[in-house]
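Q: Structure supplied as data26.txt; contents: compact mmCIF, C-alpha atoms.
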```
# COMPACT_ATOMS: atom_id res chain seq x y z
CA MET A 1 0.00 0.00 0.00
CA THR A 2 1.33 3.44 -0.94
CA PRO A 3 1.74 5.63 2.16
CA LEU A 4 -0.20 8.88 2.44
CA PHE A 5 1.59 11.79 0.80
CA GLY A 6 4.21 13.16 3.21
CA HIS A 7 3.47 10.49 5.83
CA THR A 8 5.65 7.76 7.36
CA ARG A 9 5.59 5.62 10.50
CA THR A 10 9.38 6.00 10.75
CA CYS A 11 10.41 7.77 13.94
CA ILE A 12 14.01 8.44 14.99
CA LYS A 13 14.67 9.49 18.58
CA ALA A 14 17.77 9.80 20.72
CA ARG A 15 17.47 6.35 22.32
CA HIS A 16 15.21 4.37 20.00
CA ALA A 17 14.08 4.26 16.40
CA LEU A 18 11.40 2.70 14.22
CA ILE A 19 12.45 2.50 10.56
CA THR A 20 9.77 1.39 8.10
CA PRO A 21 10.31 0.08 4.54
CA ASP A 22 8.56 3.01 2.86
CA GLY A 23 11.57 5.25 3.59
CA HIS A 24 14.42 2.89 2.70
CA VAL A 25 17.11 4.52 0.56
CA PRO A 26 19.82 2.30 -0.99
CA SER A 27 23.35 2.78 0.32
CA ALA A 28 26.63 2.41 -1.55
CA LEU A 29 29.32 0.30 0.10
CA ALA A 30 32.66 -0.91 -1.24
CA GLY A 31 32.46 -4.62 -1.97
CA VAL A 32 28.69 -4.63 -2.53
CA GLU A 33 27.73 -4.93 -6.21
CA LYS A 34 24.33 -5.33 -7.91
CA VAL A 35 22.64 -5.61 -4.51
CA ARG A 36 20.10 -3.27 -2.92
CA LEU A 37 21.69 -2.42 0.42
CA THR A 38 19.98 -0.51 3.22
CA THR A 39 21.98 0.45 6.31
CA HIS A 40 19.23 0.16 8.91
CA ILE A 41 21.20 0.80 12.10
CA THR A 42 24.75 2.16 12.55
CA PRO A 43 26.88 4.00 15.12
CA ALA A 44 25.86 7.21 13.33
CA MET A 45 22.56 7.01 15.26
CA GLY A 46 24.24 6.06 18.53
CA ALA A 47 24.28 2.26 18.19
CA GLY A 48 27.20 0.05 19.12
CA PHE A 49 26.67 -2.26 16.12
CA ALA A 50 25.42 -2.20 12.53
CA GLN A 51 22.36 -3.84 10.99
CA LEU A 52 22.22 -4.12 7.21
CA GLY A 53 19.44 -5.24 4.89
CA LEU A 54 20.37 -6.67 1.48
CA ILE A 55 18.17 -7.69 -1.45
CA PHE A 56 19.72 -9.96 -4.10
CA GLU A 57 17.81 -10.03 -7.38
CA GLU A 58 20.42 -9.68 -10.14
CA VAL A 59 22.88 -12.09 -11.71
CA GLY A 60 26.28 -11.11 -10.36
CA GLY A 61 24.88 -9.72 -7.12
CA MET A 62 27.60 -9.94 -4.48
CA ALA A 63 28.46 -8.54 -1.05
CA ARG A 64 32.04 -8.95 0.25
CA PHE A 65 33.16 -8.14 3.79
CA SER A 66 36.87 -8.31 4.61
CA ALA A 67 38.37 -10.42 7.37
CA GLY A 68 39.62 -8.74 10.51
CA LEU A 69 37.04 -5.94 10.63
CA ASN A 70 33.88 -7.22 12.35
CA GLU A 71 32.22 -10.40 13.50
CA ALA A 72 28.78 -10.89 11.97
CA VAL A 73 25.59 -12.89 11.92
CA ILE A 74 23.86 -13.33 8.57
CA PHE A 75 20.21 -14.46 8.38
CA VAL A 76 18.21 -15.16 5.21
CA THR A 77 14.60 -14.01 5.51
CA ALA A 78 13.50 -14.97 1.97
CA GLY A 79 14.90 -16.79 -1.05
CA ALA A 80 18.40 -18.25 -1.04
CA VAL A 81 22.01 -17.08 -1.37
CA TRP A 82 25.45 -18.62 -1.56
CA CYS A 83 27.46 -17.81 1.53
CA GLN A 84 31.24 -18.22 1.71
CA ILE A 85 32.95 -17.85 5.09
CA GLY A 86 36.70 -18.23 4.82
CA SER A 87 37.09 -21.34 2.64
CA ALA A 88 33.69 -22.89 3.49
CA THR A 89 30.66 -22.33 1.23
CA GLU A 90 27.01 -23.25 1.78
CA GLN A 91 23.71 -22.26 0.23
CA LEU A 92 21.56 -20.56 2.84
CA LYS A 93 17.82 -20.70 2.26
CA ALA A 94 15.10 -18.79 4.12
CA GLY A 95 15.66 -19.37 7.83
CA GLY A 96 19.31 -20.25 7.30
CA PHE A 97 21.95 -18.30 9.15
CA ALA A 98 25.66 -18.19 9.92
CA TYR A 99 27.98 -16.78 12.54
CA VAL A 100 31.08 -15.18 10.99
CA ALA A 101 34.14 -14.88 13.19
CA GLN A 102 36.04 -11.61 12.96
CA GLU A 103 39.09 -13.28 11.40
CA ASP A 104 37.06 -14.73 8.49
CA ALA A 105 36.07 -12.98 5.29
CA LEU A 106 32.38 -13.16 4.28
CA GLU A 107 31.07 -13.27 0.72
CA VAL A 108 27.35 -13.50 -0.10
CA THR A 109 26.26 -14.02 -3.71
CA TYR A 110 23.10 -14.27 -5.80
CA ALA A 111 21.82 -17.86 -6.10
CA GLY A 112 19.31 -17.48 -8.94
CA VAL A 113 16.28 -16.29 -6.94
CA THR A 114 15.35 -13.05 -5.24
CA ALA A 115 16.64 -13.18 -1.68
CA GLN A 116 16.45 -10.94 1.36
CA VAL A 117 19.25 -11.00 3.92
CA ILE A 118 19.91 -9.33 7.26
CA ILE A 119 23.45 -8.90 8.60
CA PHE A 120 24.37 -7.82 12.13
CA GLN A 121 27.97 -6.61 12.56
CA LYS A 122 30.04 -5.60 15.59
CA LYS A 123 33.62 -5.50 16.84
CA HIS A 124 34.37 -8.74 18.69
CA VAL A 125 35.34 -8.35 22.35
CA PRO A 126 37.26 -11.42 23.55
CA ALA A 127 36.52 -12.83 27.00
CA PRO A 128 39.60 -13.49 29.17
CA GLY A 129 40.08 -17.22 29.61
CA PHE A 130 37.80 -18.18 26.70
CA LYS A 131 38.70 -18.97 23.10
CA SER A 132 36.88 -16.75 20.61
CA PRO A 133 34.18 -18.67 18.70
CA ALA A 134 34.69 -20.08 15.22
CA SER A 135 32.40 -19.46 12.25
CA PHE A 136 29.54 -21.87 11.65
CA PHE A 137 26.34 -22.34 9.61
CA GLY A 138 22.89 -23.12 11.02
CA VAL A 139 19.19 -23.52 10.21
CA SER A 140 16.68 -21.80 12.48
CA GLY A 141 13.98 -24.37 11.65
CA LYS A 142 16.05 -27.03 13.42
CA ILE A 143 16.12 -25.04 16.67
CA GLN A 144 13.13 -25.70 18.90
CA GLY A 145 11.45 -22.67 20.39
CA GLN A 146 11.34 -22.58 24.18
CA PRO A 147 8.48 -21.00 26.20
CA PHE A 148 9.69 -17.61 27.42
CA LEU A 149 9.44 -17.54 31.22
CA GLY A 150 7.10 -20.54 30.97
CA ASN A 151 4.64 -19.00 28.49
CA PRO A 152 3.91 -21.50 25.65
CA LYS A 153 2.38 -18.67 23.57
CA ALA A 154 5.71 -16.80 23.44
CA LEU A 155 8.50 -18.99 22.05
CA LEU A 156 12.18 -18.05 21.92
CA GLN A 157 14.65 -19.63 19.47
CA VAL A 158 18.28 -19.02 20.45
CA LEU A 159 20.42 -19.17 17.31
CA LEU A 160 23.92 -18.87 18.78
CA PRO A 161 25.43 -21.03 21.53
CA ASP A 162 24.75 -19.63 25.00
CA ASN A 163 28.29 -19.52 26.33
CA PRO A 164 30.70 -16.76 27.43
CA SER A 165 32.86 -16.93 24.30
CA PHE A 166 30.10 -15.11 22.40
CA ASP A 167 29.66 -11.37 22.98
CA LEU A 168 26.41 -11.20 21.00
CA ALA A 169 23.17 -13.13 20.77
CA VAL A 170 20.70 -13.36 17.89
CA ASN A 171 17.27 -14.85 18.61
CA ILE A 172 13.83 -15.27 17.04
CA PHE A 173 10.81 -14.48 19.21
CA THR A 174 7.39 -15.77 18.06
CA TYR A 175 4.15 -14.73 19.76
CA GLN A 176 0.67 -16.11 19.31
CA PRO A 177 -2.00 -13.41 18.84
CA GLY A 178 -2.55 -11.62 22.15
CA ALA A 179 0.72 -12.84 23.69
CA THR A 180 3.04 -10.24 25.21
CA LEU A 181 6.36 -9.71 26.85
CA PRO A 182 5.46 -10.37 30.50
CA PHE A 183 6.71 -6.98 31.73
CA VAL A 184 8.31 -3.77 30.46
CA GLU A 185 11.99 -4.68 30.10
CA THR A 186 14.75 -2.22 31.00
CA HIS A 187 18.28 -3.58 30.64
CA VAL A 188 21.90 -2.84 29.74
CA MET A 189 21.74 -4.71 26.42
CA GLU A 190 20.87 -2.83 23.25
CA HIS A 191 18.79 -4.35 20.46
CA GLY A 192 18.54 -4.34 16.70
CA LEU A 193 15.28 -5.92 15.53
CA LEU A 194 13.53 -6.91 12.31
CA MET A 195 9.85 -7.84 12.25
CA LEU A 196 9.65 -11.09 10.27
CA SER A 197 5.90 -11.67 10.22
CA GLY A 198 2.62 -10.60 11.77
CA GLN A 199 1.91 -7.34 13.52
CA GLY A 200 1.61 -5.83 16.94
CA ILE A 201 2.34 -2.84 19.16
CA TYR A 202 5.83 -2.08 20.41
CA ARG A 203 6.34 0.21 23.39
CA LEU A 204 9.69 2.05 23.32
CA GLU A 205 10.25 4.39 26.29
CA ASN A 206 6.93 6.27 26.57
CA ASP A 207 5.93 5.86 22.91
CA TRP A 208 3.70 3.17 21.40
CA TYR A 209 4.22 2.07 17.79
CA PRO A 210 2.14 -0.19 15.52
CA VAL A 211 4.63 -2.52 13.79
CA THR A 212 4.42 -5.07 11.01
CA ALA A 213 6.63 -7.34 8.90
CA GLY A 214 9.61 -5.49 7.44
CA ASP A 215 9.86 -2.89 10.20
CA VAL A 216 13.23 -2.31 11.88
CA ILE A 217 13.65 -1.18 15.51
CA TRP A 218 16.71 0.06 17.37
CA MET A 219 16.72 0.16 21.18
CA ALA A 220 19.58 1.78 23.10
CA PRO A 221 20.72 0.34 26.44
CA TYR A 222 18.13 0.91 29.18
CA CYS A 223 15.37 1.83 26.70
CA PRO A 224 12.15 0.51 28.32
CA GLN A 225 10.51 -1.91 25.88
CA TRP A 226 7.38 -4.06 25.65
CA PHE A 227 5.53 -5.89 22.85
CA VAL A 228 2.07 -7.35 22.24
CA ALA A 229 1.14 -9.44 19.18
CA MET A 230 -2.11 -8.40 17.52
CA GLY A 231 -4.22 -9.57 14.60
CA ASP A 232 -5.12 -13.09 13.47
CA GLU A 233 -1.62 -14.45 12.79
CA PRO A 234 1.42 -15.05 15.01
CA ALA A 235 3.97 -12.26 15.14
CA SER A 236 7.67 -12.99 14.90
CA TYR A 237 10.84 -10.92 15.05
CA LEU A 238 14.58 -11.47 14.74
CA TYR A 239 16.74 -9.53 17.16
CA TYR A 240 20.33 -8.85 18.19
CA LYS A 241 21.72 -8.04 21.61
CA ASP A 242 25.17 -7.68 23.15
CA VAL A 243 25.87 -10.15 25.98
CA ASN A 244 28.49 -11.66 28.31
CA ARG A 245 30.81 -8.68 28.68
CA THR A 246 31.40 -6.33 31.61
CA PRO A 247 29.95 -2.84 31.06
CA LEU A 248 33.43 -1.45 31.85
CA SER A 249 35.18 -3.27 28.98
```
For this file, produce the structure as structure tokens.
A:
Amino acid sequence: MTPLFGHTRTCIKARHALITPDGHVPSALAGVEKVRLTTHITPAMGAGFAQLGLIFEEVGGMARFSAGLNEAVIFVTAGAVWCQIGSATEQLKAGGFAYVAQEDALEVTYAGVTAQVIIFQKKHVPAPGFKSPASFFGVSGKIQGQPFLGNPKALLQVLLPDNPSFDLAVNIFTYQPGATLPFVETHVMEHGLLMLSGQGIYRLENDWYPVTAGDVIWMAPYCPQWFVAMGDEPASYLYYKDVNRTPLS
């Protein structure tokens, strides 16, 4: 649906943001060719990480990210792409993902179908006494959702291993209609979020936002947040957070 003239649901504030697809403007980035790239979240808005959206729909579409710069998590939301991490290559289909260690180069290429990809990037912070994690591929559909705080209508899929070697987590949260976060969360971790399906209302600080599939949300540390799924279908979102490191590091 075409938005009303001069209207958008996008709202950028000092400690949170809602970014809706109607305002996406392609970005240019060295190493990204024949791909529609949108830089959803970056340190330019106050974040400590980056969240990129990429659409592959042309022969020759390619996105290269050099080794030694950032660790990353790539997640395919639609279609399929070829993903090379270091010397290992796999085809990632919708729901497929990979963790990319900072020392490995990442190359994502067009696989013959239109594909949508999300990439979270950050500087890796090693944990004393723990070996930094190695790159790996995964499939979200093989990870069973667990009831969040005992609620079977709010299921959490944890994509990365829950151990101190990782300084980030990427999860999928799926709510049945009417299900909610059990309380307004306020915590040190910041979030980058993509609505995958469904719709609902997201509270960020003292503002309430209707959200739907394709919307992006940024939450700074200590931004009060709460969500309720609405409508006839389940609502699902993919989100990033920083974990396992002292706030003084």
Q: Would you mind reading off the distance between atom CA of A:Val108 and atom CA of A:Ala44, one decimal, in Å?
A: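 Interatomic distance here is 24.7 Å.
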Q: Which polymer residues have any atom within 8 Å of an atom of A:Gly60, counting all atoms listed in the file, with same-chain residues fewer than 3 positions away left out, as a PyMOL selection string?
A: chain A and resi 33-34+109-110
Q: May I have the residues from that selection written out with C-alpha atoms, as an mmCIF file, keeping the file's coordinate frame?
A:
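Output contents, as saved in again-v9.cif:
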```cif
data_model
loop_
_atom_site.group_PDB
_atom_site.id
_atom_site.type_symbol
_atom_site.label_atom_id
_atom_site.label_comp_id
_atom_site.auth_asym_id
_atom_site.auth_seq_id
_atom_site.Cartn_x
_atom_site.Cartn_y
_atom_site.Cartn_z
ATOM 1 C CA GLU A 33 27.730 -4.930 -6.210
ATOM 2 C CA LYS A 34 24.330 -5.330 -7.910
ATOM 3 C CA THR A 109 26.260 -14.020 -3.710
ATOM 4 C CA TYR A 110 23.100 -14.270 -5.800
#
```
Q: Which protein, DNA or RNA residues are at most 12 Å from (19.8, -21.8, 12.8) in the file's coordinates when you count all atoms listed in the file, listed as number ranges by chain?
A: A: 73-77, 92-99, 136-145, 157-161, 170-172, 238
Q: Would you mind reading off the distance between atom CA of A:Trp218 and atom CA of A:Asp242, one decimal, in Å?
A: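 Going from atom CA of A:Trp218 over to atom CA of A:Asp242 covers 12.8 Å.
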Q: So that I can see what lies close to stretch 133-135 of chain A, please list as a list in words the residues with an atom at most 10 Å from it, counting all atoms listed in the file and leaving out residues fewer than 2 positions away in the same chain.
A: Glu71, Ala72, Val73, Ile85, Gly86, Ala88, Ala98, Tyr99, Val100, Ala101, Gln102, Glu103, Asp104, His124, Pro126, Phe130, Lys131, Phe137, Pro161, Asn163, Pro164, Ser165, Phe166 and Asp167 of chain A
Q: For stretch 16-27 of chain A, find every residue with an atom within 12 Å (counting only C-alpha atoms), except residues of its own chain fewer than 6 positions away, and show them as a count of residues only.
A: 59
Q: Just checking: using all atoms listed in the file, which residue out of A:Pro234, A:Gly31, A:Gly112, A:Gly129 ends up closest to A:Leu155?
A: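 Ranking A:Pro234, A:Gly31, A:Gly112, A:Gly129 by distance to A:Leu155, first place goes to A:Pro234.
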Q: Which residue out of A:Phe173, A:Phe120, A:Phe227, A:Tyr240 has the minimum interatomic distance to A:Ser197 when only C-alpha atoms are used?
A: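 Residue with the minimum atom-to-atom distance to A:Ser197: A:Phe173.
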Q: One number please: atom CA of A:Leu156 to atom CA of A:Thr174, in Å, one decimal.
A: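 If I compute the distance from atom CA of A:Leu156 to atom CA of A:Thr174, I get 6.6 Å.
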Q: Write out as a count of residues only each polymer residue whose atoms come within 8 Å of A:Ala235, counting only C-alpha atoms; drop sequence neighbours fewer than 4 positions from it.
A: 12
Q: Pick the closest to A:Leu248 from A:Gly150, A:Arg15, A:Val188, A:Gly231: which is it, counting all atoms listed in the file?
A: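 Closest residue, counting all atoms listed in the file: A:Val188.
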Q: Quick one: of A:Pro247, A:Phe49, A:Leu181, A:Thr186, who's nearest to A:Trp226, counting all atoms listed in the file?
A: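 Smallest separation from A:Trp226 among the options: A:Leu181.
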Q: For stretch 3-18 of chain A, write N, CA and C atoms out as an mmCIF file, in the first residue's frame.
A:
```cif
data_model
loop_
_atom_site.group_PDB
_atom_site.id
_atom_site.type_symbol
_atom_site.label_atom_id
_atom_site.label_comp_id
_atom_site.auth_asym_id
_atom_site.auth_seq_id
_atom_site.Cartn_x
_atom_site.Cartn_y
_atom_site.Cartn_z
ATOM 1 N N PRO A 3 2.026 4.800 0.992
ATOM 2 C CA PRO A 3 1.742 5.635 2.162
ATOM 3 C C PRO A 3 1.105 6.964 1.762
ATOM 4 N N LEU A 4 0.373 7.566 2.686
ATOM 5 C CA LEU A 4 -0.198 8.875 2.439
ATOM 6 C C LEU A 4 0.905 9.866 2.115
ATOM 7 N N PHE A 5 0.607 10.809 1.237
ATOM 8 C CA PHE A 5 1.595 11.794 0.798
ATOM 9 C C PHE A 5 2.196 12.527 1.994
ATOM 10 N N GLY A 6 3.530 12.469 2.113
ATOM 11 C CA GLY A 6 4.205 13.159 3.208
ATOM 12 C C GLY A 6 4.115 12.460 4.548
ATOM 13 N N HIS A 7 3.665 11.195 4.561
ATOM 14 C CA HIS A 7 3.471 10.489 5.832
ATOM 15 C C HIS A 7 4.399 9.282 5.909
ATOM 16 N N THR A 8 4.888 8.975 7.109
ATOM 17 C CA THR A 8 5.646 7.757 7.360
ATOM 18 C C THR A 8 5.485 7.367 8.819
ATOM 19 N N ARG A 9 5.569 6.066 9.104
ATOM 20 C CA ARG A 9 5.588 5.619 10.496
ATOM 21 C C ARG A 9 6.989 5.682 11.090
ATOM 22 N N THR A 10 8.008 5.902 10.258
ATOM 23 C CA THR A 10 9.375 5.997 10.752
ATOM 24 C C THR A 10 9.485 7.102 11.797
ATOM 25 N N CYS A 11 10.190 6.786 12.877
ATOM 26 C CA CYS A 11 10.407 7.768 13.943
ATOM 27 C C CYS A 11 11.796 7.527 14.527
ATOM 28 N N ILE A 12 12.644 8.529 14.486
ATOM 29 C CA ILE A 12 14.011 8.436 14.993
ATOM 30 C C ILE A 12 14.134 9.324 16.221
ATOM 31 N N LYS A 13 14.477 8.722 17.348
ATOM 32 C CA LYS A 13 14.668 9.488 18.579
ATOM 33 C C LYS A 13 16.057 9.207 19.133
ATOM 34 N N ALA A 14 16.411 9.888 20.210
ATOM 35 C CA ALA A 14 17.772 9.803 20.725
ATOM 36 C C ALA A 14 18.128 8.399 21.186
ATOM 37 N N ARG A 15 17.142 7.644 21.726
ATOM 38 C CA ARG A 15 17.466 6.349 22.318
ATOM 39 C C ARG A 15 16.629 5.194 21.757
ATOM 40 N N HIS A 16 15.878 5.446 20.720
ATOM 41 C CA HIS A 16 15.208 4.370 20.003
ATOM 42 C C HIS A 16 14.796 4.857 18.625
ATOM 43 N N ALA A 17 14.499 3.906 17.756
ATOM 44 C CA ALA A 17 14.077 4.263 16.400
ATOM 45 C C ALA A 17 13.183 3.171 15.838
ATOM 46 N N LEU A 18 12.188 3.592 15.059
ATOM 47 C CA LEU A 18 11.399 2.698 14.220
ATOM 48 C C LEU A 18 11.658 3.133 12.783
#
```
